>>> print(open('data.txt').read())   # compact mmCIF, C-alpha atoms
# COMPACT_ATOMS: atom_id res chain seq x y z
CA MET A 1 -0.69 101.03 40.25
CA PRO A 2 1.59 103.54 38.49
CA ALA A 3 0.22 106.78 37.11
CA PRO A 4 -0.90 106.57 33.47
CA ALA A 5 1.56 107.90 30.89
CA HIS A 6 0.41 109.98 27.91
CA ALA A 7 1.88 110.95 24.56
CA THR A 8 0.72 112.73 21.43
CA VAL A 9 2.53 111.63 18.29
CA THR A 10 2.20 113.21 14.85
CA VAL A 11 3.64 111.53 11.76
CA ALA A 12 3.34 112.53 8.12
CA ARG A 13 4.40 111.15 4.78
CA ASN A 14 4.09 112.53 1.26
CA PHE A 15 3.03 110.38 -1.69
CA ASP A 16 3.05 110.87 -5.46
CA HIS A 17 -0.57 109.70 -5.73
CA PRO A 18 -3.98 111.40 -5.85
CA VAL A 19 -5.70 111.89 -2.49
CA ASP A 20 -8.80 109.84 -3.38
CA ARG A 21 -6.74 106.82 -4.43
CA LEU A 22 -4.50 107.02 -1.34
CA PHE A 23 -7.55 107.17 0.95
CA ALA A 24 -9.09 104.22 -0.89
CA HIS A 25 -5.91 102.17 -0.44
CA TRP A 26 -5.81 103.03 3.28
CA THR A 27 -9.44 101.97 3.88
CA SER A 28 -9.93 99.05 1.43
CA PRO A 29 -10.41 95.69 3.22
CA ALA A 30 -8.41 93.92 0.48
CA THR A 31 -5.39 96.19 0.80
CA ARG A 32 -5.56 96.37 4.61
CA ALA A 33 -5.41 92.58 4.71
CA ARG A 34 -1.97 92.81 3.06
CA TRP A 35 -0.26 95.83 4.56
CA GLU A 36 -1.91 96.12 7.96
CA ALA A 37 -2.65 92.50 8.83
CA GLY A 38 -0.32 90.37 6.72
CA PRO A 39 0.84 86.99 8.05
CA ASP A 40 4.15 88.45 9.27
CA THR A 41 2.59 91.22 11.40
CA GLY A 42 1.49 89.36 14.52
CA MET A 43 -1.93 90.97 14.04
CA ARG A 44 -4.98 88.97 12.98
CA TYR A 45 -8.14 90.94 12.28
CA ALA A 46 -11.54 89.33 12.87
CA GLY A 47 -12.72 91.45 9.91
CA PHE A 48 -12.52 94.95 8.49
CA ASP A 49 -15.34 97.43 8.97
CA THR A 50 -14.06 100.86 7.93
CA ARG A 51 -17.33 102.76 8.14
CA PRO A 52 -18.78 105.04 10.82
CA GLY A 53 -19.83 102.82 13.72
CA GLY A 54 -17.62 99.96 12.56
CA VAL A 55 -15.83 97.86 15.18
CA GLU A 56 -12.74 95.79 14.46
CA THR A 57 -11.04 93.30 16.80
CA VAL A 58 -7.34 92.67 16.29
CA HIS A 59 -5.79 89.61 17.95
CA ILE A 60 -2.11 90.16 18.82
CA THR A 61 0.48 87.38 18.86
CA HIS A 62 4.15 87.40 19.80
CA GLU A 63 6.39 84.45 18.92
CA GLY A 64 3.27 82.45 18.03
CA LYS A 65 1.43 83.02 21.32
CA GLY A 66 -1.62 85.20 21.87
CA VAL A 67 -0.75 88.16 24.07
CA GLY A 68 -3.90 90.27 23.83
CA HIS A 69 -6.25 92.06 21.53
CA MET A 70 -7.24 95.55 20.47
CA VAL A 71 -10.73 96.84 19.79
CA GLN A 72 -10.88 99.59 17.17
CA ARG A 73 -13.96 101.76 16.84
CA ILE A 74 -14.41 103.77 13.67
CA HIS A 75 -16.04 107.13 14.45
CA VAL A 76 -15.62 109.24 11.30
CA VAL A 77 -15.03 108.25 7.69
CA ASP A 78 -15.03 111.29 5.41
CA PRO A 79 -13.61 110.21 2.04
CA PRO A 80 -11.14 111.14 0.81
CA ARG A 81 -9.86 113.29 3.65
CA LEU A 82 -10.38 111.96 7.19
CA LEU A 83 -10.60 108.82 9.30
CA ALA A 84 -11.08 109.04 13.11
CA VAL A 85 -10.66 105.94 15.29
CA SER A 86 -10.43 105.03 18.97
CA VAL A 87 -8.55 101.95 20.18
CA GLU A 88 -8.55 99.97 23.43
CA GLY A 89 -5.65 97.59 24.07
CA HIS A 90 -6.47 94.55 26.21
CA PHE A 91 -3.41 92.74 27.54
CA GLY A 92 -3.11 90.47 30.58
CA GLY A 93 -6.89 90.39 30.90
CA ALA A 94 -7.29 94.14 31.38
CA VAL A 95 -7.48 97.36 29.39
CA THR A 96 -3.88 98.63 29.45
CA MET A 97 -3.81 101.12 26.59
CA MET A 98 -6.19 103.63 25.03
CA MET A 99 -5.73 105.70 21.87
CA GLN A 100 -7.54 108.24 19.78
CA LEU A 101 -6.25 108.80 16.29
CA THR A 102 -7.01 110.78 13.20
CA VAL A 103 -5.60 110.10 9.76
CA ARG A 104 -5.92 113.05 7.38
CA PHE A 105 -5.31 113.04 3.64
CA SER A 106 -4.67 116.26 1.71
CA ALA A 107 -3.36 117.42 -1.65
CA HIS A 108 0.35 118.24 -1.51
CA LYS A 109 2.73 119.32 -4.30
CA GLY A 110 0.98 117.41 -7.08
CA GLY A 111 0.45 114.33 -4.91
CA SER A 112 -0.90 113.87 -1.43
CA ARG A 113 0.07 113.96 2.21
CA LEU A 114 -1.02 111.54 4.90
CA GLU A 115 -0.83 112.93 8.44
CA ALA A 116 -1.68 110.83 11.48
CA VAL A 117 -2.09 112.17 15.00
CA THR A 118 -2.32 109.70 17.88
CA GLN A 119 -3.12 110.53 21.49
CA ALA A 120 -2.08 107.47 23.47
CA THR A 121 -2.42 106.57 27.14
CA ASP A 122 -0.60 103.63 28.73
CA LEU A 123 -2.43 102.79 31.96
CA GLY A 124 0.62 100.86 33.22
CA GLY A 125 2.73 104.00 33.25
CA ARG A 126 5.03 103.17 30.32
CA ASP A 127 5.74 106.06 27.95
CA PRO A 128 3.74 105.26 24.79
CA GLY A 129 5.46 107.87 22.60
CA GLU A 130 8.41 105.88 21.26
CA GLN A 131 6.27 102.80 20.63
CA GLN A 132 3.76 104.92 18.69
CA GLU A 133 6.49 106.56 16.59
CA GLN A 134 8.05 103.18 15.75
CA GLY A 135 4.66 101.64 15.04
CA TRP A 136 3.65 104.41 12.65
CA ALA A 137 6.99 104.28 10.80
CA TRP A 138 6.59 100.49 10.40
CA LEU A 139 2.96 100.83 9.27
CA LEU A 140 3.64 103.60 6.75
CA ASP A 141 6.61 101.66 5.32
CA ARG A 142 4.34 98.62 4.81
CA PHE A 143 1.61 100.81 3.29
CA GLU A 144 4.08 102.38 0.85
CA ALA A 145 5.58 98.97 -0.05
CA ASP A 146 2.11 97.53 -0.70
CA ILE A 147 1.33 100.37 -3.12
CA ALA A 148 4.66 99.81 -4.90
CA GLU A 149 4.04 96.07 -5.21
CA HIS A 150 0.30 95.95 -5.97
CA GLY A 151 -0.63 99.42 -7.22
CA LEU A 152 -3.32 101.62 -5.71
CA ALA A 153 -6.82 100.49 -4.84
CA PRO A 154 -9.60 101.97 -7.01
CA ALA A 155 -11.06 105.22 -5.65
CA ASN A 156 -14.63 103.96 -6.17
CA PRO A 157 -15.60 101.55 -3.33
CA GLU A 158 -17.70 99.47 -5.75
CA ASP A 159 -14.53 98.72 -7.74
CA ARG A 160 -12.60 97.38 -4.73
CA THR A 161 -12.11 93.69 -4.15
>>> encode(input="data.txt", output="structure tokens")
Amino acid sequence: MPAPAHATVTVARNFDHPVDRLFAHWTSPATRARWEAGPDTGMRYAGFDTRPGGVETVHITHEGKGVGHMVQRIHVVDPPRLLAVSVEGHFGGAVTMMMQLTVRFSAHKGGSRLEAVTQATDLGGRDPGEQQEQGWAWLLDRFEADIAEHGLAPANPEDRT
């Protein structure tokens, strides 16, 4: 078995929106169903549970065939500033990838800044850095496009659908 490969990736994007509304859009089950798990993503979530102790299973398909799944554990939810998650990737019947990530939201120049830091380990020895950078760029583009198309989710969780 090859030695595990590790990478730490930091990505950031600025938005012209208030921090509380941006955090709400990132964590709302209704919005996540569109931008994170839409029908064109190859990712099907068994449900969304963005609260401390929440566990989410994501089934991964490629060209219509199941290739594995990821288990996401939500450790910290501190609205509107921080989300901390760990992820296990199960492919080929074994755990092949592990990640820890934090997503931070802060006020920035009249809007807000989203900064994500991922520490990824590929147990098969493949460098996870480039895949993480591409994945985050893709995810943030979808997030931004969803806001542009649908508007922001309400900041108050009781107002979300």
>>> atom_distance(input="data.txt", atom1="atom CA of His69 of chain A", atom2="atom CA of Glu149 of chain A")
28.9 Å
>>> closest_atom_pairs(input="data.txt", of="segment 11-105 of chain A", to="segment 137-140 of chain A", cutoff="8 Å", atoms="all atoms listed in the file", output="tab-separated table")
residue	atom	partner	partner_atom	distance
A:Arg13	CA	A:Leu140	CA	7.8
A:Trp35	CA	A:Leu139	CA	7.6
A:Glu36	CA	A:Leu139	CA	6.9
>>> closest_residue(input="data.txt", among="A:Arg34, A:Lys65, A:Arg126, A:Arg73", to="Gln100 of chain A", atoms="all atoms listed in the file")
A:Arg73
>>> residues_around(input="data.txt", residues="His6 of chain A", least_positions_apart="4", cutoff="7 Å", atoms="all atoms listed in the file", output="list in words")
Ala120, Thr121, Asp122, Asp127 and Pro128 of chain A
>>> write_last_selection(input="data.txt", atoms="C-alpha atoms", output="short mmCIF file (atom, residue, chain, number, x, y, z; two decimals), in the coordinates of the input")
data_model
loop_
_atom_site.label_atom_id
_atom_site.label_comp_id
_atom_site.auth_asym_id
_atom_site.auth_seq_id
_atom_site.Cartn_x
_atom_site.Cartn_y
_atom_site.Cartn_z
CA ALA A 120 -2.08 107.47 23.47
CA THR A 121 -2.42 106.57 27.14
CA ASP A 122 -0.60 103.63 28.73
CA ASP A 127 5.74 106.06 27.95
CA PRO A 128 3.74 105.26 24.79
#
>>> atom_distance(input="data.txt", atom1="atom CA of Gly111 of chain A", atom2="atom CA of His17 of chain A")
4.8 Å
>>> closest_residue(input="data.txt", among="A:Gly129, A:Phe15, A:Ala7, A:Arg44", to="Ala145 of chain A", atoms="all atoms listed in the file")
A:Phe15
>>> closest_residue(input="data.txt", among="A:Pro29, A:Gly64, A:Pro79, A:Pro154", to="Ser106 of chain A", atoms="only C-alpha atoms")
A:Pro79
>>> closest_residue(input="data.txt", among="A:Ala94, A:Thr61, A:Gln72, A:Leu83", to="Asp40 of chain A", atoms="all atoms listed in the file")
A:Thr61
>>> axis_aligned_box(input="data.txt", around="segment 106-119 of chain A", padding_each_side="5 Å", output="JSON")
{"center_x": -1.0, "center_y": 114.5, "center_z": 7.2, "size_x": 17.4, "size_y": 19.6, "size_z": 38.6}
>>> closest_residue(input="data.txt", among="A:Asp141, A:Glu130, A:Glu63, A:Glu56", to="Glu88 of chain A", atoms="only C-alpha atoms")
A:Glu56
>>> closest_residue(input="data.txt", among="A:Val9, A:Leu114, A:Met70, A:Gly54", to="Phe143 of chain A", atoms="only C-alpha atoms")
A:Leu114
>>> decode(input="data.txt", residues="segment 124-152 of chain A", atoms="N, CA and C atoms", output="PDB file, in the first residue's frame")
ATOM      1  N   GLY A 124      -4.697   6.301  -0.519  1.00  0.00           N
ATOM      2  CA  GLY A 124      -4.124   5.603  -1.667  1.00  0.00           C
ATOM      3  C   GLY A 124      -2.872   6.266  -2.207  1.00  0.00           C
ATOM      4  N   GLY A 125      -2.450   7.363  -1.593  1.00  0.00           N
ATOM      5  CA  GLY A 125      -1.216   8.010  -1.987  1.00  0.00           C
ATOM      6  C   GLY A 125      -1.331   9.061  -3.070  1.00  0.00           C
ATOM      7  N   ARG A 126      -2.542   9.330  -3.548  1.00  0.00           N
ATOM      8  CA  ARG A 126      -2.718  10.371  -4.573  1.00  0.00           C
ATOM      9  C   ARG A 126      -2.741  11.735  -3.892  1.00  0.00           C
ATOM     10  N   ASP A 127      -2.131  12.718  -4.516  1.00  0.00           N
ATOM     11  CA  ASP A 127      -2.091  14.069  -3.949  1.00  0.00           C
ATOM     12  C   ASP A 127      -3.500  14.657  -3.967  1.00  0.00           C
ATOM     13  N   PRO A 128      -4.093  14.938  -2.803  1.00  0.00           N
ATOM     14  CA  PRO A 128      -5.463  15.453  -2.779  1.00  0.00           C
ATOM     15  C   PRO A 128      -5.567  16.962  -3.009  1.00  0.00           C
ATOM     16  N   GLY A 129      -4.454  17.668  -3.085  1.00  0.00           N
ATOM     17  CA  GLY A 129      -4.488  19.125  -3.155  1.00  0.00           C
ATOM     18  C   GLY A 129      -5.208  19.677  -4.364  1.00  0.00           C
ATOM     19  N   GLU A 130      -4.836  19.233  -5.561  1.00  0.00           N
ATOM     20  CA  GLU A 130      -5.453  19.772  -6.775  1.00  0.00           C
ATOM     21  C   GLU A 130      -6.941  19.449  -6.830  1.00  0.00           C
ATOM     22  N   GLN A 131      -7.306  18.229  -6.448  1.00  0.00           N
ATOM     23  CA  GLN A 131      -8.721  17.857  -6.442  1.00  0.00           C
ATOM     24  C   GLN A 131      -9.507  18.735  -5.473  1.00  0.00           C
ATOM     25  N   GLN A 132      -8.941  19.030  -4.310  1.00  0.00           N
ATOM     26  CA  GLN A 132      -9.617  19.893  -3.344  1.00  0.00           C
ATOM     27  C   GLN A 132      -9.781  21.310  -3.886  1.00  0.00           C
ATOM     28  N   GLU A 133      -8.733  21.853  -4.500  1.00  0.00           N
ATOM     29  CA  GLU A 133      -8.815  23.205  -5.067  1.00  0.00           C
ATOM     30  C   GLU A 133      -9.882  23.281  -6.150  1.00  0.00           C
ATOM     31  N   GLN A 134      -9.901  22.292  -7.049  1.00  0.00           N
ATOM     32  CA  GLN A 134     -10.908  22.272  -8.116  1.00  0.00           C
ATOM     33  C   GLN A 134     -12.306  22.094  -7.540  1.00  0.00           C
ATOM     34  N   GLY A 135     -12.437  21.215  -6.550  1.00  0.00           N
ATOM     35  CA  GLY A 135     -13.737  20.981  -5.938  1.00  0.00           C
ATOM     36  C   GLY A 135     -14.288  22.221  -5.253  1.00  0.00           C
ATOM     37  N   TRP A 136     -13.440  22.936  -4.536  1.00  0.00           N
ATOM     38  CA  TRP A 136     -13.896  24.159  -3.871  1.00  0.00           C
ATOM     39  C   TRP A 136     -14.275  25.237  -4.876  1.00  0.00           C
ATOM     40  N   ALA A 137     -13.484  25.393  -5.941  1.00  0.00           N
ATOM     41  CA  ALA A 137     -13.825  26.396  -6.966  1.00  0.00           C
ATOM     42  C   ALA A 137     -15.186  26.072  -7.572  1.00  0.00           C
ATOM     43  N   TRP A 138     -15.423  24.811  -7.896  1.00  0.00           N
ATOM     44  CA  TRP A 138     -16.696  24.364  -8.471  1.00  0.00           C
ATOM     45  C   TRP A 138     -17.836  24.629  -7.491  1.00  0.00           C
ATOM     46  N   LEU A 139     -17.631  24.272  -6.215  1.00  0.00           N
ATOM     47  CA  LEU A 139     -18.673  24.433  -5.207  1.00  0.00           C
ATOM     48  C   LEU A 139     -19.003  25.903  -4.969  1.00  0.00           C
ATOM     49  N   LEU A 140     -17.987  26.746  -4.849  1.00  0.00           N
ATOM     50  CA  LEU A 140     -18.236  28.173  -4.620  1.00  0.00           C
ATOM     51  C   LEU A 140     -18.887  28.833  -5.829  1.00  0.00           C
ATOM     52  N   ASP A 141     -18.542  28.404  -7.036  1.00  0.00           N
ATOM     53  CA  ASP A 141     -19.218  28.918  -8.236  1.00  0.00           C
ATOM     54  C   ASP A 141     -20.701  28.559  -8.205  1.00  0.00           C
ATOM     55  N   ARG A 142     -21.024  27.322  -7.840  1.00  0.00           N
ATOM     56  CA  ARG A 142     -22.429  26.893  -7.754  1.00  0.00           C
ATOM     57  C   ARG A 142     -23.164  27.666  -6.663  1.00  0.00           C
ATOM     58  N   PHE A 143     -22.516  27.857  -5.528  1.00  0.00           N
ATOM     59  CA  PHE A 143     -23.099  28.604  -4.412  1.00  0.00           C
ATOM     60  C   PHE A 143     -23.429  30.026  -4.853  1.00  0.00           C
ATOM     61  N   GLU A 144     -22.476  30.678  -5.489  1.00  0.00           N
ATOM     62  CA  GLU A 144     -22.666  32.055  -5.956  1.00  0.00           C
ATOM     63  C   GLU A 144     -23.771  32.125  -7.017  1.00  0.00           C
ATOM     64  N   ALA A 145     -23.809  31.160  -7.930  1.00  0.00           N
ATOM     65  CA  ALA A 145     -24.842  31.139  -8.970  1.00  0.00           C
ATOM     66  C   ALA A 145     -26.226  30.917  -8.366  1.00  0.00           C
ATOM     67  N   ASP A 146     -26.310  30.089  -7.329  1.00  0.00           N
ATOM     68  CA  ASP A 146     -27.598  29.843  -6.679  1.00  0.00           C
ATOM     69  C   ASP A 146     -28.120  31.108  -6.011  1.00  0.00           C
ATOM     70  N   ILE A 147     -27.234  31.863  -5.379  1.00  0.00           N
ATOM     71  CA  ILE A 147     -27.640  33.135  -4.775  1.00  0.00           C
ATOM     72  C   ILE A 147     -28.138  34.085  -5.857  1.00  0.00           C
ATOM     73  N   ALA A 148     -27.417  34.170  -6.971  1.00  0.00           N
ATOM     74  CA  ALA A 148     -27.807  35.071  -8.058  1.00  0.00           C
ATOM     75  C   ALA A 148     -29.167  34.683  -8.635  1.00  0.00           C
ATOM     76  N   GLU A 149     -29.427  33.388  -8.745  1.00  0.00           N
ATOM     77  CA  GLU A 149     -30.681  32.930  -9.353  1.00  0.00           C
ATOM     78  C   GLU A 149     -31.863  32.959  -8.396  1.00  0.00           C
ATOM     79  N   HIS A 150     -31.648  32.603  -7.132  1.00  0.00           N
ATOM     80  CA  HIS A 150     -32.763  32.423  -6.194  1.00  0.00           C
ATOM     81  C   HIS A 150     -32.807  33.445  -5.064  1.00  0.00           C
ATOM     82  N   GLY A 151     -31.771  34.262  -4.919  1.00  0.00           N
ATOM     83  CA  GLY A 151     -31.698  35.163  -3.777  1.00  0.00           C
ATOM     84  C   GLY A 151     -31.208  34.421  -2.548  1.00  0.00           C
ATOM     85  N   LEU A 152     -30.924  35.165  -1.502  1.00  0.00           N
ATOM     86  CA  LEU A 152     -30.386  34.583  -0.274  1.00  0.00           C
ATOM     87  C   LEU A 152     -31.470  33.943   0.585  1.00  0.00           C
TER      88      LEU A 152
END
